[in-house]
file work05.cif (mmCIF, C-alpha atoms)
data_input
loop_
_atom_site.label_atom_id
_atom_site.label_comp_id
_atom_site.auth_asym_id
_atom_site.auth_seq_id
_atom_site.Cartn_x
_atom_site.Cartn_y
_atom_site.Cartn_z
CA MET H 1 122.60 91.98 103.27
CA PRO H 2 119.60 90.32 104.88
CA LEU H 3 116.29 91.54 103.56
CA LYS H 4 114.48 92.49 106.69
CA TYR H 5 110.78 92.79 107.19
CA PRO H 6 109.44 95.81 105.25
CA ASN H 7 109.36 98.09 108.28
CA GLY H 8 113.09 97.51 108.70
CA LYS H 9 112.68 95.26 111.71
CA LYS H 10 113.05 91.55 111.95
CA TYR H 11 109.77 89.70 111.83
CA ASN H 12 108.78 88.44 115.24
CA PRO H 13 105.68 86.29 115.04
CA LYS H 14 105.51 85.95 118.81
CA ARG H 15 104.97 89.67 119.12
CA THR H 16 101.28 89.40 118.38
CA LEU H 17 100.74 86.03 120.00
CA SER H 18 102.05 86.78 123.47
CA LYS H 19 100.95 89.56 125.75
CA PRO H 20 103.03 92.65 125.21
CA ASN H 21 106.06 92.78 127.45
CA SER H 22 106.12 96.26 128.71
CA VAL H 23 109.64 97.59 128.63
CA ASN H 24 108.38 101.11 128.93
CA LYS H 25 109.46 102.69 132.19
CA LYS H 26 107.24 105.71 131.68
CA ASP H 27 103.78 106.45 132.93
CA GLU H 28 101.61 103.48 131.90
CA ARG H 29 98.51 105.28 130.69
CA TYR H 30 96.00 103.47 128.53
CA SER H 31 97.45 105.19 125.52
CA ASN H 32 100.86 103.70 126.05
CA ARG H 33 100.66 100.02 126.75
CA GLY H 34 103.57 98.72 124.73
CA MET H 35 101.29 97.97 121.77
CA THR H 36 102.62 98.40 118.28
CA LEU H 37 100.96 100.86 115.96
CA GLU H 38 99.77 97.91 113.88
CA GLU H 39 98.07 96.31 116.88
CA ASP H 40 96.36 99.57 117.79
CA ILE H 41 95.12 100.08 114.23
CA ASN H 42 93.93 96.50 113.94
CA GLU H 43 91.88 96.92 117.11
CA THR H 44 90.54 100.23 115.85
CA ASN H 45 89.50 98.58 112.58
CA GLU H 46 87.81 95.74 114.49
CA TYR H 47 85.88 98.37 116.43
CA TYR H 48 84.83 100.07 113.20
CA ARG H 49 83.67 96.79 111.69
CA ALA H 50 81.86 95.60 114.81
CA HIS H 51 79.97 98.91 115.00
CA GLY H 52 79.17 99.07 111.28
CA ILE H 53 81.22 102.25 110.89
CA ALA H 54 83.67 101.12 108.21
CA VAL H 55 85.19 97.98 106.69
CA ILE H 56 88.95 98.39 106.70
CA HIS H 57 91.50 95.57 106.81
CA LYS H 58 95.24 95.22 106.90
CA LYS H 59 96.57 93.39 103.88
CA PRO H 60 98.50 90.18 104.48
CA VAL H 61 102.30 90.35 104.35
CA PRO H 62 103.32 89.67 100.74
CA LEU H 63 105.53 86.59 100.43
CA GLN H 64 107.16 84.92 97.48
CA ILE H 65 106.37 81.27 98.10
CA VAL H 66 109.06 78.94 96.76
CA ASN H 67 108.37 75.59 98.40
CA VAL H 68 105.30 73.99 99.92
CA HIS H 69 105.29 70.60 101.59
CA TYR H 70 102.08 68.54 101.60
CA PRO H 71 102.36 65.98 104.37
CA LYS H 72 99.74 63.23 104.48
CA ARG H 73 96.98 63.82 107.00
CA SER H 74 98.16 67.25 108.04
CA ALA H 75 98.16 70.83 106.85
CA ALA H 76 100.25 72.04 103.93
CA VAL H 77 103.42 73.74 105.17
CA VAL H 78 105.22 76.54 103.37
CA THR H 79 108.86 75.56 103.87
CA GLU H 80 110.54 78.30 101.88
CA ALA H 81 109.27 81.82 101.25
CA TYR H 82 110.77 85.30 101.08
CA PHE H 83 109.42 88.67 102.08
CA LYS H 84 108.51 90.87 99.14
CA LYS H 85 108.24 94.63 99.14
CA PRO H 86 104.54 95.44 99.16
CA SER H 87 103.29 97.14 95.98
CA THR H 88 100.60 99.03 97.86
CA THR H 89 99.98 100.50 101.29
CA ASP H 90 99.10 98.17 104.14
CA TYR H 91 95.51 99.18 104.88
CA ASN H 92 92.46 99.81 102.73
CA GLY H 93 88.73 99.57 102.82
CA VAL H 94 85.44 101.44 102.60
CA TYR H 95 83.96 104.24 104.71
CA LYS H 96 80.62 105.77 103.71
CA GLY H 97 81.05 104.37 100.22
CA LYS H 98 84.44 106.03 99.82
CA TYR H 99 87.67 104.19 99.19
CA ILE H 100 90.11 104.61 102.08
CA ASP H 101 93.80 103.77 101.74
CA PHE H 102 96.61 104.38 104.18
CA GLU H 103 100.01 103.44 105.42
CA ALA H 104 101.02 103.34 109.10
CA LYS H 105 104.59 103.96 110.20
CA GLU H 106 106.32 104.51 113.49
CA THR H 107 109.69 105.91 114.50
CA LYS H 108 111.77 106.11 117.64
CA ASN H 109 113.15 109.46 116.49
CA LYS H 110 111.99 112.42 118.54
CA THR H 111 112.42 115.33 116.16
CA SER H 112 111.81 113.98 112.66
CA PHE H 113 110.22 111.17 110.69
CA PRO H 114 112.60 109.21 108.39
CA LEU H 115 111.39 109.20 104.78
CA LYS H 116 113.07 105.88 104.10
CA ASN H 117 110.05 104.42 105.88
CA PHE H 118 108.06 105.15 102.71
CA HIS H 119 108.93 103.06 99.67
CA ASP H 120 108.68 104.74 96.26
CA HIS H 121 106.01 102.32 95.08
CA GLN H 122 103.90 103.13 98.14
CA ILE H 123 104.04 106.82 97.25
CA THR H 124 103.19 105.95 93.63
CA HIS H 125 100.26 103.90 94.86
CA MET H 126 99.00 106.77 97.04
CA ARG H 127 99.20 109.10 94.04
CA GLN H 128 97.23 106.67 91.88
CA VAL H 129 94.60 106.31 94.60
CA THR H 130 94.30 110.08 94.96
CA GLU H 131 93.92 110.47 91.18
CA GLN H 132 91.07 107.93 91.30
CA GLY H 133 89.26 109.96 93.95
CA GLY H 134 90.21 107.69 96.83
CA LEU H 135 91.22 109.03 100.25
CA ALA H 136 94.89 108.32 100.90
CA PHE H 137 96.81 109.26 104.02
CA ALA H 138 99.45 108.14 106.48
CA LEU H 139 99.33 107.53 110.21
CA LEU H 140 102.67 108.42 111.78
CA ARG H 141 103.55 107.52 115.34
CA PHE H 142 106.38 108.99 117.37
CA THR H 143 106.78 106.09 119.76
CA VAL H 144 108.77 107.89 122.45
CA THR H 145 106.07 110.49 123.02
CA ASP H 146 103.27 108.18 121.83
CA GLU H 147 101.86 110.77 119.45
CA VAL H 148 100.02 109.64 116.33
CA TYR H 149 99.59 112.11 113.48
CA PHE H 150 97.21 111.93 110.56
CA LEU H 151 99.00 113.17 107.44
CA HIS H 152 96.89 113.58 104.31
CA ALA H 153 98.53 112.20 101.16
CA GLU H 154 98.45 115.67 99.55
CA ALA H 155 100.47 117.01 102.48
CA LEU H 156 102.94 114.16 102.13
CA PHE H 157 103.27 114.75 98.37
CA ALA H 158 103.71 118.49 98.92
CA PHE H 159 106.45 117.83 101.42
CA LEU H 160 108.23 115.42 99.09
CA GLU H 161 108.06 117.92 96.20
CA ASP H 162 109.17 120.90 98.27
CA ASN H 163 112.10 118.96 99.63
CA ALA H 164 113.13 116.66 96.80
CA ASP H 165 116.67 115.40 97.34
CA LYS H 166 117.20 117.79 100.23
CA ARG H 167 116.06 115.86 103.26
CA LYS H 168 115.88 112.27 104.29
CA SER H 169 113.28 112.94 106.93
CA ILE H 170 110.31 115.19 107.69
CA PRO H 171 110.98 117.49 110.64
CA LYS H 172 108.44 116.92 113.38
CA LYS H 173 107.44 120.58 113.34
CA ASP H 174 106.34 120.16 109.70
CA ILE H 175 104.23 117.15 110.66
CA GLU H 176 102.72 119.19 113.48
CA GLU H 177 101.91 121.95 110.99
CA ARG H 178 100.68 119.89 108.05
CA GLY H 179 99.27 116.92 109.95
CA ILE H 180 96.62 116.50 112.62
CA LEU H 181 97.35 115.00 116.04
CA ILE H 182 94.91 112.17 116.74
CA PRO H 183 93.71 112.08 120.36
CA LEU H 184 94.35 108.54 121.63
CA GLY H 185 91.45 106.70 123.22
CA PHE H 186 90.56 103.34 124.59
CA HIS H 187 87.83 102.17 122.23
CA PRO H 188 88.67 102.80 119.47
CA ARG H 189 92.31 103.45 120.21
CA ILE H 190 93.21 105.58 117.20
CA ASP H 191 90.03 107.13 115.87
CA TYR H 192 91.40 108.26 112.53
CA LEU H 193 88.00 108.29 110.81
CA LYS H 194 86.96 111.16 113.09
CA ILE H 195 89.77 113.16 111.50
CA LEU H 196 88.51 112.23 108.02
CA ASP H 197 85.05 113.49 108.96
CA LYS H 198 86.54 116.85 109.85
CA ILE H 199 88.76 117.39 106.83
CA ILE H 200 86.70 115.83 104.08
CA THR H 201 83.69 118.02 103.56
CA ASP H 202 81.95 115.88 100.97
CA ILE H 203 81.94 112.69 103.01
CA MET F 1 93.19 66.14 106.27
CA PRO F 2 95.62 68.45 104.52
CA LEU F 3 94.59 72.07 104.46
CA LYS F 4 94.79 72.91 100.83
CA TYR F 5 95.12 76.27 99.28
CA PRO F 6 91.86 78.26 99.75
CA ASN F 7 90.55 77.51 96.26
CA GLY F 8 90.75 73.82 97.07
CA LYS F 9 93.75 73.22 94.87
CA LYS F 10 97.32 72.61 95.84
CA TYR F 11 99.48 75.69 95.64
CA ASN F 12 101.73 75.61 92.62
CA PRO F 13 104.19 78.50 92.69
CA LYS F 14 105.63 77.56 89.31
CA ARG F 15 102.25 78.21 87.72
CA THR F 16 102.83 81.93 87.57
CA LEU F 17 106.59 81.86 87.03
CA SER F 18 106.72 79.67 83.95
CA LYS F 19 104.86 80.17 80.71
CA PRO F 20 101.51 78.45 80.83
CA ASN F 21 101.72 74.87 79.61
CA SER F 22 98.78 74.54 77.38
CA VAL F 23 97.04 71.27 78.05
CA ASN F 24 93.98 72.55 76.32
CA LYS F 25 93.27 70.54 73.19
CA LYS F 26 90.49 72.88 72.10
CA ASP F 27 90.54 75.84 69.79
CA GLU F 28 93.31 78.14 71.05
CA ARG F 29 91.66 81.53 70.66
CA TYR F 30 92.98 84.55 72.51
CA SER F 31 90.26 84.11 75.08
CA ASN F 32 91.37 80.62 76.00
CA ARG F 33 95.10 80.43 76.38
CA GLY F 34 95.33 78.20 79.43
CA MET F 35 95.53 81.22 81.73
CA THR F 36 93.95 81.02 85.13
CA LEU F 37 91.19 83.44 86.03
CA GLU F 38 93.60 85.04 88.50
CA GLU F 39 96.18 85.67 85.78
CA ASP F 40 93.57 87.19 83.49
CA ILE F 41 92.26 89.46 86.25
CA ASN F 42 95.75 90.50 87.29
CA GLU F 43 96.52 91.52 83.71
CA THR F 44 93.22 93.34 83.48
CA ASN F 45 94.03 95.24 86.68
CA GLU F 46 97.47 96.12 85.34
CA TYR F 47 95.79 97.50 82.25
CA TYR F 48 93.42 99.57 84.38
CA ARG F 49 96.29 100.95 86.46
CA ALA F 50 98.53 101.67 83.46
CA HIS F 51 95.71 103.59 81.79
CA GLY F 52 94.64 105.49 84.90
CA ILE F 53 91.22 103.82 84.86
CA ALA F 54 91.22 102.24 88.31
CA VAL F 55 93.58 101.09 91.07
CA ILE F 56 92.66 97.52 91.96
CA HIS F 57 95.03 94.91 93.41
CA LYS F 58 94.86 91.31 94.45
CA LYS F 59 95.59 90.87 98.12
CA PRO F 60 98.56 88.69 99.07
CA VAL F 61 97.84 85.11 100.17
CA PRO F 62 97.36 85.21 103.96
CA LEU F 63 99.89 83.05 105.78
CA GLN F 64 100.45 82.31 109.44
CA ILE F 65 104.20 82.69 109.77
CA VAL F 66 105.67 80.42 112.43
CA ASN F 67 109.40 80.41 111.78
CA VAL F 68 111.77 82.78 110.03
CA HIS F 69 115.46 82.13 109.54
CA TYR F 70 117.86 85.08 109.29
CA PRO F 71 121.02 83.84 107.61
CA LYS F 72 124.03 86.16 107.63
CA ARG F 73 124.54 88.06 104.38
CA SER F 74 121.42 86.77 102.71
CA ALA F 75 117.69 87.31 102.70
CA ALA F 76 115.45 86.29 105.58
CA VAL F 77 113.72 82.98 104.81
CA VAL F 78 110.33 81.95 106.09
CA THR F 79 110.89 78.29 106.93
CA GLU F 80 107.49 77.43 108.38
CA ALA F 81 104.16 79.00 107.53
CA TYR F 82 100.59 77.80 107.04
CA PHE F 83 97.83 78.94 104.70
CA LYS F 84 95.06 80.80 106.48
CA LYS F 85 91.52 81.27 105.28
CA PRO F 86 91.25 84.84 103.99
CA SER F 87 88.94 87.07 106.04
CA THR F 88 88.02 89.14 103.01
CA THR F 89 87.65 88.77 99.27
CA ASP F 90 90.77 88.64 97.14
CA TYR F 91 90.50 91.89 95.17
CA ASN F 92 89.74 95.44 96.12
CA GLY F 93 90.51 98.98 95.10
CA VAL F 94 89.13 102.25 93.83
CA TYR F 95 87.26 103.19 90.65
CA LYS F 96 85.99 106.74 90.18
CA GLY F 97 86.30 107.32 93.91
CA LYS F 98 84.13 104.30 94.70
CA TYR F 99 85.26 101.32 96.71
CA ILE F 100 85.32 98.14 94.61
CA ASP F 101 85.51 94.68 96.19
CA PHE F 102 85.21 91.30 94.53
CA GLU F 103 85.97 87.64 94.60
CA ALA F 104 86.94 85.57 91.56
CA LYS F 105 86.16 81.87 91.34
CA GLU F 106 86.29 79.28 88.63
CA THR F 107 84.78 75.86 88.23
CA LYS F 108 85.15 72.93 85.84
CA ASN F 109 81.46 72.13 86.25
CA LYS F 110 79.37 72.79 83.17
CA THR F 111 75.89 73.25 84.58
CA SER F 112 76.29 74.81 88.03
CA PHE F 113 78.65 76.77 90.25
CA PRO F 114 79.54 75.09 93.58
CA LEU F 115 78.73 77.32 96.55
CA LYS F 116 81.48 75.74 98.64
CA ASN F 117 83.77 78.01 96.65
CA PHE F 118 82.50 80.89 98.79
CA HIS F 119 83.52 80.88 102.43
CA ASP F 120 81.02 82.23 104.95
CA HIS F 121 83.37 85.00 106.04
CA GLN F 122 83.72 86.13 102.43
CA ILE F 123 79.95 86.46 102.16
CA THR F 124 79.92 88.31 105.50
CA HIS F 125 82.62 90.62 104.20
CA MET F 126 80.66 91.31 101.00
CA ARG F 127 77.58 92.13 103.08
CA GLN F 128 79.58 94.55 105.24
CA VAL F 129 81.04 96.21 102.16
CA THR F 130 77.59 96.59 100.61
CA GLU F 131 76.24 98.11 103.85
CA GLN F 132 79.07 100.65 103.72
CA GLY F 133 78.12 101.68 100.19
CA GLY F 134 80.94 99.78 98.51
CA LEU F 135 80.45 97.87 95.26
CA ALA F 136 80.81 94.15 95.88
CA PHE F 137 80.50 91.44 93.27
CA ALA F 138 81.87 88.11 92.08
CA LEU F 139 83.50 87.08 88.82
CA LEU F 140 82.61 83.47 88.02
CA ARG F 141 84.32 81.52 85.28
CA PHE F 142 83.10 78.29 83.75
CA THR F 143 86.46 77.05 82.56
CA VAL F 144 85.20 74.43 80.09
CA THR F 145 83.26 76.96 78.04
CA ASP F 146 85.53 79.86 79.07
CA GLU F 147 82.61 82.06 80.07
CA VAL F 148 83.07 84.70 82.78
CA TYR F 149 79.99 86.09 84.51
CA PHE F 150 79.70 89.23 86.58
CA LEU F 151 77.41 88.53 89.55
CA HIS F 152 76.45 91.50 91.71
CA ALA F 153 76.67 90.81 95.46
CA GLU F 154 72.95 91.56 95.85
CA ALA F 155 72.19 88.81 93.32
CA LEU F 156 74.48 86.42 95.18
CA PHE F 157 72.83 87.27 98.53
CA ALA F 158 69.36 86.88 97.01
CA PHE F 159 70.28 83.49 95.67
CA LEU F 160 71.70 82.37 99.02
CA GLU F 161 68.57 83.54 100.86
CA ASP F 162 66.12 82.00 98.39
CA ASN F 163 67.91 78.69 98.52
CA ALA F 164 69.20 78.46 102.08
CA ASP F 165 70.06 74.84 102.91
CA LYS F 166 68.53 73.62 99.70
CA ARG F 167 71.32 73.69 97.21
CA LYS F 168 75.07 73.35 97.29
CA SER F 169 75.51 75.08 93.97
CA ILE F 170 74.00 77.80 91.79
CA PRO F 171 72.51 76.39 88.57
CA LYS F 172 74.16 77.95 85.55
CA LYS F 173 70.80 79.13 84.20
CA ASP F 174 70.37 81.25 87.35
CA ILE F 175 73.79 82.80 86.81
CA GLU F 176 72.82 83.49 83.19
CA GLU F 177 69.62 85.17 84.42
CA ARG F 178 70.95 87.12 87.38
CA GLY F 179 74.50 87.72 86.20
CA ILE F 180 76.01 89.41 83.16
CA LEU F 181 78.27 87.60 80.69
CA ILE F 182 81.49 89.56 80.23
CA PRO F 183 82.74 89.62 76.63
CA LEU F 184 86.36 88.44 76.70
CA GLY F 185 88.97 90.60 75.02
CA PHE F 186 92.66 90.87 74.56
CA HIS F 187 93.50 94.11 76.31
CA PRO F 188 92.03 94.17 78.88
CA ARG F 189 91.09 90.53 79.01
CA ILE F 190 88.11 90.68 81.34
CA ASP F 191 86.72 94.21 81.23
CA TYR F 192 84.55 93.96 84.31
CA LEU F 193 84.51 97.71 84.95
CA LYS F 194 82.55 98.18 81.71
CA ILE F 195 79.81 96.09 83.34
CA LEU F 196 79.92 98.29 86.45
CA ASP F 197 79.48 101.37 84.28
CA LYS F 198 76.30 99.87 82.86
CA ILE F 199 74.66 98.72 86.07
CA ILE F 200 75.69 101.45 88.48
CA THR F 201 73.90 104.57 87.46
CA ASP F 202 75.47 106.91 89.99
CA ILE F 203 79.08 106.11 89.10
#

call {"tool": "encode", "arguments": {"input": "work05.cif", "output": "structure tokens"}}
result
Amino acid sequence: MPLKYPNGKKYNPKRTLSKPNSVNKKDERYSNRGMTLEEDINETNEYYRAHGIAVIHKKPVPLQIVNVHYPKRSAAVVTEAYFKKPSTTDYNGVYKGKYIDFEAKETKNKTSFPLKNFHDHQITHMRQVTEQGGLAFALLRFTVTDEVYFLHAEALFAFLEDNADKRKSIPKKDIEERGILIPLGFHPRIDYLKILDKIITDI
Amino acid sequence: MPLKYPNGKKYNPKRTLSKPNSVNKKDERYSNRGMTLEEDINETNEYYRAHGIAVIHKKPVPLQIVNVHYPKRSAAVVTEAYFKKPSTTDYNGVYKGKYIDFEAKETKNKTSFPLKNFHDHQITHMRQVTEQGGLAFALLRFTVTDEVYFLHAEALFAFLEDNADKRKSIPKKDIEERGILIPLGFHPRIDYLKILDKIITDI
């Protein structure tokens, strides 16, 4: 079975290089421009950095490099590498001195969020971060309705414990109850730090 | 000119897969086993994680992926990718709730540390982290004498400002004065968090 890119999709490097091809027939509001969640978060993080609000980066895709070619007079080329499962979440950084750590996932489902989107080691990592006093959470997007929820790691853990072996997804109503809907904006697009300000009293 | 791996060396994937080939003719104490600084730090970080002391990871090598091949019934293969300059330091994570961020560099020089080892954007990143209240620093190894120094980002910035355009390296005596020599151990090998405990009073 082909090992696909960690989010379960094939890797398409052109996706971020070309302008997004809108295949969305719905109302084209600013909050729904055919951007991926990753693109929206990257732009949000750039906004945070440019305005001195926070320093948060996406980690590079982890690859197992097997072969590198060193041609004369030109750049080294990786000619064989394989995608590895990341051992951590994708995003981390610093906000007001605090360690911030999160994973961003999206689904086309309308009524629930598939748990297979979270790898075990990512959950383990979020637990370790929480034990160390870091702020761990997930950003979950329902692409069809273009809703992005902030789900605190404690809420995610509680859900996983309450429902161990029973469900393979989190019903959307539970995310609505335990998470916080992030109002989408233009600049920044997904202002998740505003949510942190509200829920973390000691920040 | 070939773009080499960010540390200026060619990438050697076998380095971490095979047992280290000791080419060191000197005294083979535990603190000098032909390990790279990266290997020593990775083992130190594993120790910290395993003992619930801190959660600190090395970031994956950033690559610009150009081509991916998806063979039937086997794993996706990256067939063309190029090394990119990292936009951040290599290591970050959380210790006692605080954001930790550092770069590790080694040199074969005996009397000074070449500044070309630090990219401008890494210095910029360390400044941003410091402004956000994160703890940024560098671990510098003199490989010949197997000495590892902890250099606080503020000390690095001060040196860069005092010596702008004058020097291309930091004299070792300045690192001895402004940095802290880390005693090397077996488990963990480079206990840099012990240094943080000493110098950061509010941690």

call {"tool": "interface_residues", "arguments": {"input": "work05.cif", "of": "chain H", "to": "chain F", "cutoff": "7 Å", "atoms": "all atoms listed in the file", "output": "PyMOL selection string"}}
result
chain H and resi 1-4+13+54-55+59-62+65-66+72-82+94-99+128-129+132-134

call {"tool": "write_last_selection", "arguments": {"input": "work05.cif", "atoms": "C-alpha atoms", "output": "PDB file, in the coordinates of the input"}}
result
ATOM      1  CA  MET H   1     122.600  91.980 103.270  1.00  0.00           C
ATOM      2  CA  PRO H   2     119.600  90.320 104.880  1.00  0.00           C
ATOM      3  CA  LEU H   3     116.290  91.540 103.560  1.00  0.00           C
ATOM      4  CA  LYS H   4     114.480  92.490 106.690  1.00  0.00           C
ATOM      5  CA  PRO H  13     105.680  86.290 115.040  1.00  0.00           C
ATOM      6  CA  ALA H  54      83.670 101.120 108.210  1.00  0.00           C
ATOM      7  CA  VAL H  55      85.190  97.980 106.690  1.00  0.00           C
ATOM      8  CA  LYS H  59      96.570  93.390 103.880  1.00  0.00           C
ATOM      9  CA  PRO H  60      98.500  90.180 104.480  1.00  0.00           C
ATOM     10  CA  VAL H  61     102.300  90.350 104.350  1.00  0.00           C
ATOM     11  CA  PRO H  62     103.320  89.670 100.740  1.00  0.00           C
ATOM     12  CA  ILE H  65     106.370  81.270  98.100  1.00  0.00           C
ATOM     13  CA  VAL H  66     109.060  78.940  96.760  1.00  0.00           C
ATOM     14  CA  LYS H  72      99.740  63.230 104.480  1.00  0.00           C
ATOM     15  CA  ARG H  73      96.980  63.820 107.000  1.00  0.00           C
ATOM     16  CA  SER H  74      98.160  67.250 108.040  1.00  0.00           C
ATOM     17  CA  ALA H  75      98.160  70.830 106.850  1.00  0.00           C
ATOM     18  CA  ALA H  76     100.250  72.040 103.930  1.00  0.00           C
ATOM     19  CA  VAL H  77     103.420  73.740 105.170  1.00  0.00           C
ATOM     20  CA  VAL H  78     105.220  76.540 103.370  1.00  0.00           C
ATOM     21  CA  THR H  79     108.860  75.560 103.870  1.00  0.00           C
ATOM     22  CA  GLU H  80     110.540  78.300 101.880  1.00  0.00           C
ATOM     23  CA  ALA H  81     109.270  81.820 101.250  1.00  0.00           C
ATOM     24  CA  TYR H  82     110.770  85.300 101.080  1.00  0.00           C
ATOM     25  CA  VAL H  94      85.440 101.440 102.600  1.00  0.00           C
ATOM     26  CA  TYR H  95      83.960 104.240 104.710  1.00  0.00           C
ATOM     27  CA  LYS H  96      80.620 105.770 103.710  1.00  0.00           C
ATOM     28  CA  GLY H  97      81.050 104.370 100.220  1.00  0.00           C
ATOM     29  CA  LYS H  98      84.440 106.030  99.820  1.00  0.00           C
ATOM     30  CA  TYR H  99      87.670 104.190  99.190  1.00  0.00           C
ATOM     31  CA  GLN H 128      97.230 106.670  91.880  1.00  0.00           C
ATOM     32  CA  VAL H 129      94.600 106.310  94.600  1.00  0.00           C
ATOM     33  CA  GLN H 132      91.070 107.930  91.300  1.00  0.00           C
ATOM     34  CA  GLY H 133      89.260 109.960  93.950  1.00  0.00           C
ATOM     35  CA  GLY H 134      90.210 107.690  96.830  1.00  0.00           C
TER      36      GLY H 134
END

call {"tool": "atom_distance", "arguments": {"input": "work05.cif", "atom1": "atom CA of Thr89 of chain F", "atom2": "atom CA of Asp120 of chain F"}}
result
10.9 Å

call {"tool": "resolve_selection", "arguments": {"input": "work05.cif", "expression": "the PyMOL selection byres ((chain F and resi 105) around 9)", "output": "list in words"}}
result
Asn7, Leu37, Glu38, Glu103, Ala104, Glu106, Thr107, Asn117, Phe118, Ala138, Leu139, Leu140, Arg141 and Phe142 of chain F

call {"tool": "resolve_selection", "arguments": {"input": "work05.cif", "expression": "the PyMOL selection byres ((chain F and resi 183) around 10)", "output": "compact mmCIF listing (two decimals) with C-alpha atoms, keeping the file's coordinate frame"}}
result
# COMPACT_ATOMS: atom_id res chain seq x y z
CA SER F 31 90.26 84.11 75.08
CA GLU F 147 82.61 82.06 80.07
CA VAL F 148 83.07 84.70 82.78
CA TYR F 149 79.99 86.09 84.51
CA ILE F 180 76.01 89.41 83.16
CA LEU F 181 78.27 87.60 80.69
CA ILE F 182 81.49 89.56 80.23
CA LEU F 184 86.36 88.44 76.70
CA GLY F 185 88.97 90.60 75.02
CA ARG F 189 91.09 90.53 79.01
CA ILE F 190 88.11 90.68 81.34
CA ASP F 191 86.72 94.21 81.23
CA TYR F 192 84.55 93.96 84.31
CA LYS F 194 82.55 98.18 81.71
CA ILE F 195 79.81 96.09 83.34

call {"tool": "atom_distance", "arguments": {"input": "work05.cif", "atom1": "atom CA of Ala153 of chain H", "atom2": "atom CA of Ala136 of chain H"}}
result
5.3 Å

call {"tool": "atom_distance", "arguments": {"input": "work05.cif", "atom1": "atom CA of Glu154 of chain F", "atom2": "atom CA of Glu176 of chain F"}}
result
15.0 Å

call {"tool": "axis_aligned_box", "arguments": {"input": "work05.cif", "around": "segment 127-137 of chain F", "padding_each_side": "5 Å", "output": "lines of an AutoDock Vina configuration file"}}
result
center_x = 78.6
center_y = 96.6
center_z = 99.3
size_x = 14.8
size_y = 20.2
size_z = 22.0

call {"tool": "resolve_selection", "arguments": {"input": "work05.cif", "expression": "the PyMOL selection byres ((chain H and resi 174) around 12)", "output": "list of chain:residue names"}}
result
H:Thr111, H:Ser112, H:Phe113, H:Tyr149, H:Leu151, H:Ala155, H:Leu156, H:Ala158, H:Phe159, H:Leu160, H:Asp162, H:Asn163, H:Ser169, H:Ile170, H:Pro171, H:Lys172, H:Lys173, H:Ile175, H:Glu176, H:Glu177, H:Arg178, H:Gly179, H:Ile180

call {"tool": "residues_near_point", "arguments": {"input": "work05.cif", "point": "(113.1, 110.9, 103.6)", "cutoff": "7 Å", "atoms": "only C-alpha atoms", "output": "PyMOL selection string"}}
result
chain H and resi 114-116+167-170

call {"tool": "closest_residue", "arguments": {"input": "work05.cif", "among": "H:Ile199, H:His51, H:Asp146, H:Glu46", "to": "Lys108 of chain H", "atoms": "all atoms listed in the file"}}
result
H:Asp146

call {"tool": "closest_residue", "arguments": {"input": "work05.cif", "among": "F:Glu161, F:Pro188, F:His121, F:His152", "to": "Ile200 of chain F", "atoms": "only C-alpha atoms"}}
result
F:His152
